[in-house]
2 protein chains.
Amino acid sequence: MSVGIFKNRVTELLGVQYPVIQGGMVYNSGAKLAAAVANAGGLGLLGAGSMLPDVFRDQIRKTRALTDRPFGVNIPLLFSHSTECVEIALAEKVNIFFTSAGSPKKVAAPLKDAHCTLVHVVASPVLARKCQDAGCDAVVCEGFEAGGHNGRDEITTMVLVPECVEAVDIPIIAAGGIATGAQMAAALALGAEGVQIGSRFAASVESSGHPDFKKAVVQADAGATQLVLKKQVPVRLMKNAFRDRIVEMEHRGATVEELVAELGKGRARAGMLEGDLDEGELEIGQVSGLISDIRPVSELMERLLNEYQATLDRLGGN
Amino acid sequence: MSVGIFKNRVTELLGVQYPVIQGGMVYNSGAKLAAAVANAGGLGLLGAGSMLPDVFRDQIRKTRALTDRPFGVNIPLLFSHSTECVEIALAEKVNIFFTSAGSPKKVAAPLKDAHCTLVHVVASPVLARKCQDAGCDAVVCEGFEAGGHNGRDEITTMVLVPECVEAVDIPIIAAGGIATGAQMAAALALGAEGVQIGSRFAASVESSGHPDFKKAVVQADAGATQLVLKKQVPVRLMKNAFRDRIVEMEHRGATVEELVAELGKGRARAGMLEGDLDEGELEIGQVSGLISDIRPVSELMERLLNEYQATLDRLGGN
């Protein structure tokens with residue numbers, strides 16, 4: 001595959017060969033994964049959301065030791081250590097910031113002053129416009145099918161991407177429901193200039209998720225995930241005993257307080273890092289039904305790009 | 001646009017120029033709409049679900065008077081008059097049947113004996129496989145973003161289509177979230193060989209929906225629709241006073257009996273045919289946020305195909 005084929009605003013902005021961004025997932029996106037994606041020509045992101053500040057600094061340094069290509073960080077702005085993580089990343093000379101869960105206004109000024117690239121994750125065209133107004137360089141438009149935390153309007157990637165294309169002039173990176181080259185081609189057909197891929201990279205050799213969590217992703221079938229906790233913070237989880245209880249509570253009209261109490265603390269860590277498949281919070285996308293192996297990132301990236309090219313050839317010769 | 005570009009299994013199966021099927025929507029899909037779509041080179045479908053048997057027979061005859069091209073019927077199999085409607089359509093020499101809401105096994109034998117084409121609407125790969133086993137010639141794979149009645153697994157078009165491509169060998173028609181040529185290209189990239197379009201044709205001059213309903217579709221913004229009544233039969237509705245009450249009831253854990261009582265009877269007719277925008281059931285897709293005009297079908301079809309071609313050109317030259 002020729003590199004030139006992918007020259008667009010996203011590859012230019014991020015300085016990458018392919019417009020493929022690896023999602024900054026909690027408990028899955030450490031130095032090994034980010035560096036592997038960078039080395040394969042995409043953009044790797046360290047997921048700060050599950051790291052204490054010292055761990056985060058250490059992971060930035062480790063990533064840099066593993067690759068000389070660009071990489072970035074994902075910082076959820078509602079995360080208790082977000083301000084400290086932004087400062088650490090700036091001090092460590094990171095210059096690509098993906099932010100989520102909160103307003104990018106909070107960090108736009110210091111990041112722009114430091115000549116950093118700022119990309120925010122949104123789930124509606126209204127928020128995409130706010131990001132553009134706040135000075136973001138691009139937006140990740142994440143559809144309802146995406147794993148983990150999600151928007152309240154439940155807009156799917158198929159609808160969200162074209163709506164954001166109409167709403168803003170900055171480049172759009174599609175996320176949610178993208179694990180194959182056919183899906184990447186679909187996202188680019190919709191008007192995105194790049195894709196952010198989570199679940200597929202969670203089930204890679206280099207992901208720091210627990211081996212049993214990765215196996216569960218591979219075993220998941222269609223319909224295995226569901227968006228729950230809509231009264232609190234909507235999150236897409238894989239079926240297990242914990243999720244079943246939450247669904248039952250929601251059906252009987254449980255209050256936010258009851259749901260928060262049931263959720264407790266540390267469930268995401270238990271599920272994804274420690275491999276508690278029954279009582280942990282297993283954040284993964286709907287697309288897990290299409291994932292059937294755990295492979296090294298280099299192989300996944302090659303497969304993705306080959307499938308993408310095959311899809312374009314198929315459409316052109318239709 | 002050259003016709004040859006669209007020669008595939010769906011155009012061959014249905015005998016149409018373009019792999020574009022107009023959804024058989026209740027209260028919107030009468031003879032005028034079906035004939036207009038047929039005359040524009042797509043497949044028009046009469047929506048039996050909102051017609052009494054005599055009206056249905058009359059609409060078949062009217063469609064035939066308005067076009068000499070192929071058209072079909074959509075019959076929801078759980079509809080109380082479904083058996084009679086199948087018999088009427090057979091007697092009227094209709095030979096393309098789209099069925100939904102129920103098992104196609106119920107009608108496969110008589111329709112195959114009469115050499116008819118049978119296509120069933122599904123929302124999961126498991127059901128797609130069952131349709132293939134039952135002898136269906138194709139399946140419509142309808143994602144979570146689609147208007148009206150929907151599946152329980154909430155699988156979006158972006159994920160559902162590739163999952164069904166893996167599950168079956170018969171051709172797949174994508175539905176849900178498709179109103180533009182970019183979305184049509186995305187659906188074909190995902191592996192569909194045709195698209196079924198509902199909402200965009202509901203807001204056409206030829207749709208039999210109430211003018212106020214069509215205006216509401218045009219005015220709908222992103223996030224205006226929501227999937228509700230999940231405990232009963234999931235249905236995607238536009239925001240209004242009725243839907244707000246249902247959402248409130250669901251939040252407090254209302255029972256199926258309470259929800260059925262609140263739903264009452266005739267709300268779909270009131271909303272879409274009689275234009276009661278407050279208390280009617282307004283079935284429309286998430287994609288309504290991208291629809292901004294009410295135009296004749298011929299113009300909508302031309303726009304769709306032009307956008308489709310422009311999308312392919314953009315991807316090829318990326």
# chains A, B, ... in the order shown; residues from 1 in each chain; ligands from 1
>>> interface_residues(of="chain A", to="chain B", cutoff="7 Å", atoms="only C-alpha atoms", output="list in words")
Ile5, Phe6, Glu145, Asp153, Ile155, Thr156, Met158, Val159, Glu163, Gly177, Ala182, Gln183, Ala185, Ala186, Ala187, Ala189, Leu190, Gly223, His251, Arg252, Gly253, Val287, Leu290, Thr311, Leu315 and Asn318 of chain A
>>> select_by_dssp(residues="stretch 36-221 of chain B", states="alpha helix (DSSP H)", output="compact mmCIF listing (two decimals) with N, CA and C atoms, in the first residue's frame")
# COMPACT_ATOMS: atom_id res chain seq x y z
N ALA B 36 -43.50 6.18 -7.61
CA ALA B 36 -42.49 7.20 -7.89
C ALA B 36 -41.08 6.62 -7.75
N VAL B 37 -40.88 5.79 -6.73
CA VAL B 37 -39.56 5.18 -6.54
C VAL B 37 -39.27 4.19 -7.68
N ALA B 38 -40.29 3.42 -8.05
CA ALA B 38 -40.11 2.47 -9.17
C ALA B 38 -39.76 3.24 -10.44
N ASN B 39 -40.48 4.31 -10.70
CA ASN B 39 -40.22 5.09 -11.92
C ASN B 39 -38.85 5.76 -11.90
N PRO B 53 -57.33 -4.82 4.31
CA PRO B 53 -57.15 -5.63 3.09
C PRO B 53 -57.72 -4.98 1.82
N ASP B 54 -58.88 -4.40 1.89
CA ASP B 54 -59.45 -3.79 0.68
C ASP B 54 -58.64 -2.59 0.19
N VAL B 55 -58.17 -1.83 1.15
CA VAL B 55 -57.33 -0.68 0.80
C VAL B 55 -56.03 -1.18 0.16
N PHE B 56 -55.47 -2.23 0.75
CA PHE B 56 -54.22 -2.79 0.25
C PHE B 56 -54.38 -3.24 -1.21
N ARG B 57 -55.47 -3.97 -1.50
CA ARG B 57 -55.71 -4.42 -2.88
C ARG B 57 -55.81 -3.22 -3.82
N ASP B 58 -56.53 -2.24 -3.38
CA ASP B 58 -56.73 -1.03 -4.18
C ASP B 58 -55.39 -0.31 -4.45
N GLN B 59 -54.54 -0.28 -3.43
CA GLN B 59 -53.24 0.39 -3.57
C GLN B 59 -52.32 -0.38 -4.53
N ILE B 60 -52.42 -1.70 -4.52
CA ILE B 60 -51.63 -2.50 -5.48
C ILE B 60 -52.06 -2.13 -6.90
N ARG B 61 -53.35 -2.07 -7.09
CA ARG B 61 -53.86 -1.75 -8.45
C ARG B 61 -53.48 -0.33 -8.85
N LYS B 62 -53.55 0.60 -7.91
CA LYS B 62 -53.17 1.98 -8.22
C LYS B 62 -51.69 2.08 -8.58
N THR B 63 -50.86 1.35 -7.84
CA THR B 63 -49.42 1.38 -8.13
C THR B 63 -49.17 0.88 -9.55
N ARG B 64 -49.83 -0.23 -9.89
CA ARG B 64 -49.64 -0.80 -11.21
C ARG B 64 -50.07 0.16 -12.31
N ALA B 65 -51.09 0.98 -12.01
CA ALA B 65 -51.56 1.96 -12.99
C ALA B 65 -50.55 3.10 -13.17
N LEU B 66 -49.72 3.31 -12.12
CA LEU B 66 -48.79 4.44 -12.14
C LEU B 66 -47.38 4.08 -12.63
N SER B 82 -52.10 -10.04 8.13
CA SER B 82 -50.96 -10.41 7.28
C SER B 82 -51.28 -11.57 6.32
N THR B 83 -51.96 -12.60 6.81
CA THR B 83 -52.26 -13.76 5.94
C THR B 83 -53.13 -13.33 4.76
N GLU B 84 -54.13 -12.52 5.05
CA GLU B 84 -55.02 -12.04 4.01
C GLU B 84 -54.25 -11.16 3.01
N CYS B 85 -53.36 -10.34 3.53
CA CYS B 85 -52.59 -9.46 2.64
C CYS B 85 -51.66 -10.27 1.73
N VAL B 86 -51.08 -11.34 2.25
CA VAL B 86 -50.24 -12.19 1.39
C VAL B 86 -51.10 -12.77 0.27
N GLU B 87 -52.28 -13.27 0.62
CA GLU B 87 -53.17 -13.86 -0.39
C GLU B 87 -53.61 -12.83 -1.44
N ILE B 88 -53.92 -11.65 -0.97
CA ILE B 88 -54.33 -10.59 -1.91
C ILE B 88 -53.19 -10.25 -2.86
N ALA B 89 -51.99 -10.08 -2.31
CA ALA B 89 -50.85 -9.70 -3.16
C ALA B 89 -50.56 -10.80 -4.18
N LEU B 90 -50.67 -12.06 -3.76
CA LEU B 90 -50.47 -13.17 -4.71
C LEU B 90 -51.54 -13.15 -5.80
N ALA B 91 -52.76 -12.92 -5.39
CA ALA B 91 -53.87 -12.88 -6.36
C ALA B 91 -53.69 -11.73 -7.34
N LYS B 105 -40.64 -18.16 7.87
CA LYS B 105 -41.03 -19.56 7.63
C LYS B 105 -42.52 -19.67 7.35
N LYS B 106 -43.25 -18.80 8.03
CA LYS B 106 -44.71 -18.78 7.93
C LYS B 106 -45.20 -18.64 6.49
N VAL B 107 -44.45 -17.90 5.67
CA VAL B 107 -44.92 -17.59 4.31
C VAL B 107 -43.98 -18.11 3.22
N ALA B 108 -42.84 -18.66 3.62
CA ALA B 108 -41.84 -19.03 2.60
C ALA B 108 -42.39 -20.04 1.59
N ALA B 109 -43.06 -21.09 2.07
CA ALA B 109 -43.52 -22.15 1.14
C ALA B 109 -44.48 -21.62 0.08
N PRO B 110 -45.59 -20.98 0.46
CA PRO B 110 -46.50 -20.48 -0.59
C PRO B 110 -45.85 -19.47 -1.52
N LEU B 111 -44.98 -18.62 -0.98
CA LEU B 111 -44.35 -17.60 -1.85
C LEU B 111 -43.34 -18.24 -2.81
N LYS B 112 -42.60 -19.22 -2.32
CA LYS B 112 -41.63 -19.89 -3.20
C LYS B 112 -42.38 -20.70 -4.27
N ASP B 113 -43.49 -21.34 -3.85
CA ASP B 113 -44.30 -22.10 -4.82
C ASP B 113 -44.80 -21.20 -5.95
N PRO B 125 -27.48 -11.01 13.30
CA PRO B 125 -26.95 -12.03 12.39
C PRO B 125 -27.59 -13.40 12.61
N VAL B 126 -28.01 -13.68 13.82
CA VAL B 126 -28.67 -14.97 14.11
C VAL B 126 -29.97 -15.06 13.31
N LEU B 127 -30.72 -13.98 13.29
CA LEU B 127 -31.97 -13.98 12.52
C LEU B 127 -31.69 -14.00 11.02
N ALA B 128 -30.61 -13.37 10.59
CA ALA B 128 -30.25 -13.40 9.17
C ALA B 128 -30.03 -14.85 8.73
N ARG B 129 -29.33 -15.61 9.57
CA ARG B 129 -29.07 -17.01 9.25
C ARG B 129 -30.38 -17.80 9.17
N LYS B 130 -31.28 -17.52 10.11
CA LYS B 130 -32.58 -18.21 10.09
C LYS B 130 -33.35 -17.91 8.79
N CYS B 131 -33.23 -16.68 8.32
CA CYS B 131 -33.91 -16.30 7.07
C CYS B 131 -33.32 -17.06 5.89
N GLN B 132 -32.00 -17.13 5.87
CA GLN B 132 -31.35 -17.89 4.79
C GLN B 132 -31.81 -19.35 4.82
N ASP B 133 -31.84 -19.92 6.02
CA ASP B 133 -32.27 -21.32 6.15
C ASP B 133 -33.73 -21.51 5.74
N ALA B 134 -34.53 -20.46 5.95
CA ALA B 134 -35.96 -20.55 5.61
C ALA B 134 -36.20 -20.36 4.11
N THR B 157 -26.13 -0.17 12.32
CA THR B 157 -25.88 -0.54 10.93
C THR B 157 -24.39 -0.81 10.67
N MET B 158 -23.54 0.03 11.26
CA MET B 158 -22.08 -0.09 11.09
C MET B 158 -21.56 -1.45 11.52
N VAL B 159 -22.18 -2.05 12.50
CA VAL B 159 -21.74 -3.34 13.03
C VAL B 159 -22.60 -4.48 12.47
N LEU B 160 -23.89 -4.23 12.36
CA LEU B 160 -24.83 -5.28 11.93
C LEU B 160 -24.54 -5.78 10.51
N VAL B 161 -24.27 -4.86 9.60
CA VAL B 161 -24.06 -5.28 8.20
C VAL B 161 -22.86 -6.22 8.06
N PRO B 162 -21.67 -5.86 8.57
CA PRO B 162 -20.56 -6.81 8.46
C PRO B 162 -20.81 -8.12 9.20
N GLU B 163 -21.53 -8.07 10.31
CA GLU B 163 -21.84 -9.31 11.04
C GLU B 163 -22.73 -10.21 10.19
N CYS B 164 -23.67 -9.61 9.49
CA CYS B 164 -24.56 -10.42 8.64
C CYS B 164 -23.82 -10.91 7.40
N VAL B 165 -22.90 -10.11 6.89
CA VAL B 165 -22.08 -10.55 5.75
C VAL B 165 -21.33 -11.83 6.14
N GLU B 166 -20.83 -11.88 7.38
CA GLU B 166 -20.14 -13.09 7.87
C GLU B 166 -21.10 -14.25 8.05
N ALA B 167 -22.36 -13.93 8.41
CA ALA B 167 -23.31 -14.99 8.81
C ALA B 167 -24.01 -15.67 7.65
N GLY B 181 -26.06 9.96 -0.22
CA GLY B 181 -25.20 9.11 -1.04
C GLY B 181 -23.94 8.69 -0.31
N ALA B 182 -23.45 9.53 0.61
CA ALA B 182 -22.28 9.15 1.41
C ALA B 182 -22.65 7.96 2.30
N GLN B 183 -23.84 8.00 2.86
CA GLN B 183 -24.28 6.89 3.72
C GLN B 183 -24.54 5.63 2.90
N MET B 184 -25.04 5.82 1.68
CA MET B 184 -25.22 4.67 0.79
C MET B 184 -23.86 4.04 0.47
N ALA B 185 -22.88 4.87 0.19
CA ALA B 185 -21.53 4.35 -0.10
C ALA B 185 -20.97 3.62 1.12
N ALA B 186 -21.22 4.18 2.31
CA ALA B 186 -20.76 3.53 3.55
C ALA B 186 -21.40 2.15 3.68
N ALA B 187 -22.69 2.07 3.40
CA ALA B 187 -23.41 0.78 3.52
C ALA B 187 -22.83 -0.24 2.55
N LEU B 188 -22.54 0.19 1.33
CA LEU B 188 -21.97 -0.74 0.35
C LEU B 188 -20.53 -1.11 0.72
N ALA B 189 -19.80 -0.16 1.31
CA ALA B 189 -18.46 -0.48 1.80
C ALA B 189 -18.53 -1.57 2.87
N SER B 199 -36.78 7.08 6.15
CA SER B 199 -37.03 8.46 6.55
C SER B 199 -36.91 9.46 5.39
N ARG B 200 -35.86 9.30 4.57
CA ARG B 200 -35.66 10.26 3.47
C ARG B 200 -36.89 10.26 2.53
N PHE B 201 -37.46 9.08 2.25
CA PHE B 201 -38.63 9.02 1.38
C PHE B 201 -39.92 9.39 2.12
N ALA B 202 -39.90 9.29 3.46
CA ALA B 202 -41.08 9.75 4.21
C ALA B 202 -41.25 11.27 4.03
N PRO B 211 -48.71 16.34 5.99
CA PRO B 211 -47.74 17.41 5.73
C PRO B 211 -47.04 17.90 7.00
N ASP B 212 -47.77 17.94 8.12
CA ASP B 212 -47.14 18.40 9.37
C ASP B 212 -46.13 17.38 9.88
N PHE B 213 -46.38 16.11 9.64
CA PHE B 213 -45.41 15.07 10.02
C PHE B 213 -44.14 15.25 9.19
N LYS B 214 -44.31 15.47 7.89
CA LYS B 214 -43.13 15.68 7.03
C LYS B 214 -42.33 16.90 7.48
N LYS B 215 -43.04 17.97 7.84
CA LYS B 215 -42.34 19.17 8.32
C LYS B 215 -41.57 18.87 9.60
N ALA B 216 -42.17 18.06 10.46
CA ALA B 216 -41.50 17.71 11.72
C ALA B 216 -40.22 16.92 11.44
N VAL B 217 -40.25 16.07 10.41
CA VAL B 217 -39.04 15.30 10.04
C VAL B 217 -37.94 16.27 9.61
N VAL B 218 -38.33 17.26 8.81
CA VAL B 218 -37.36 18.25 8.32
C VAL B 218 -36.77 19.06 9.48
N GLN B 219 -37.63 19.38 10.46
CA GLN B 219 -37.17 20.21 11.58
C GLN B 219 -36.38 19.43 12.64
>>> closest_residue(among="A:Ser208, A:Ser80, A:Thr117, A:Thr67", to="A:Glu274", atoms="only C-alpha atoms")
A:Ser208
>>> residues_around(residues="stretch 17-26 of chain B", least_positions_apart="6", cutoff="8 Å", atoms="only C-alpha atoms", output="list in words")
Val3, Phe6, Lys7, Val10, Thr11, Ala34, Val37, Gly41, Gly42, Leu43, Gly44, Leu45, Leu46, Gly47, Ala48, Gly49, Ser50, Val73, Asn74, Glu193, Gly194, Val195, Gln196, Ile197, Gly198, Phe201 and Ala202 of chain B
>>> write_last_selection(atoms="C-alpha atoms", output="compact mmCIF listing (two decimals), in the first residue's frame")
# COMPACT_ATOMS: atom_id res chain seq x y z
CA VAL B 3 -26.69 1.98 -15.08
CA PHE B 6 -24.95 -0.98 -10.15
CA LYS B 7 -25.28 -4.46 -11.57
CA VAL B 10 -29.72 -7.10 -5.50
CA THR B 11 -30.43 -5.29 -8.75
CA ALA B 34 -44.01 3.19 -4.40
CA VAL B 37 -39.56 5.18 -6.54
CA GLY B 41 -35.20 3.22 -10.96
CA GLY B 42 -35.44 1.89 -7.40
CA LEU B 43 -37.77 -0.59 -5.77
CA GLY B 44 -40.96 0.89 -4.33
CA LEU B 45 -42.74 -0.99 -1.57
CA LEU B 46 -46.35 -0.67 -0.46
CA GLY B 47 -46.53 -0.77 3.33
CA ALA B 48 -49.37 -3.17 4.15
CA GLY B 49 -48.96 -2.66 7.91
CA SER B 50 -51.29 0.33 7.99
CA VAL B 73 -45.06 -5.07 -0.82
CA ASN B 74 -43.95 -5.00 2.79
CA GLU B 193 -25.44 -4.86 -1.97
CA GLY B 194 -28.36 -2.50 -1.59
CA VAL B 195 -29.90 0.04 0.75
CA GLN B 196 -33.40 0.37 2.13
CA ILE B 197 -34.27 3.99 2.73
CA GLY B 198 -37.19 5.03 4.92
CA PHE B 201 -38.63 9.02 1.38
CA ALA B 202 -41.08 9.75 4.21
>>> residues_around(residues="B:Gly148", least_positions_apart="2", cutoff="8 Å", atoms="only C-alpha atoms", output="PyMOL selection string")
chain B and resi 146+150+235-237+283-285
>>> atom_distance(atom1="atom CA of B:His115", atom2="atom CA of B:Leu33")
25.4 Å
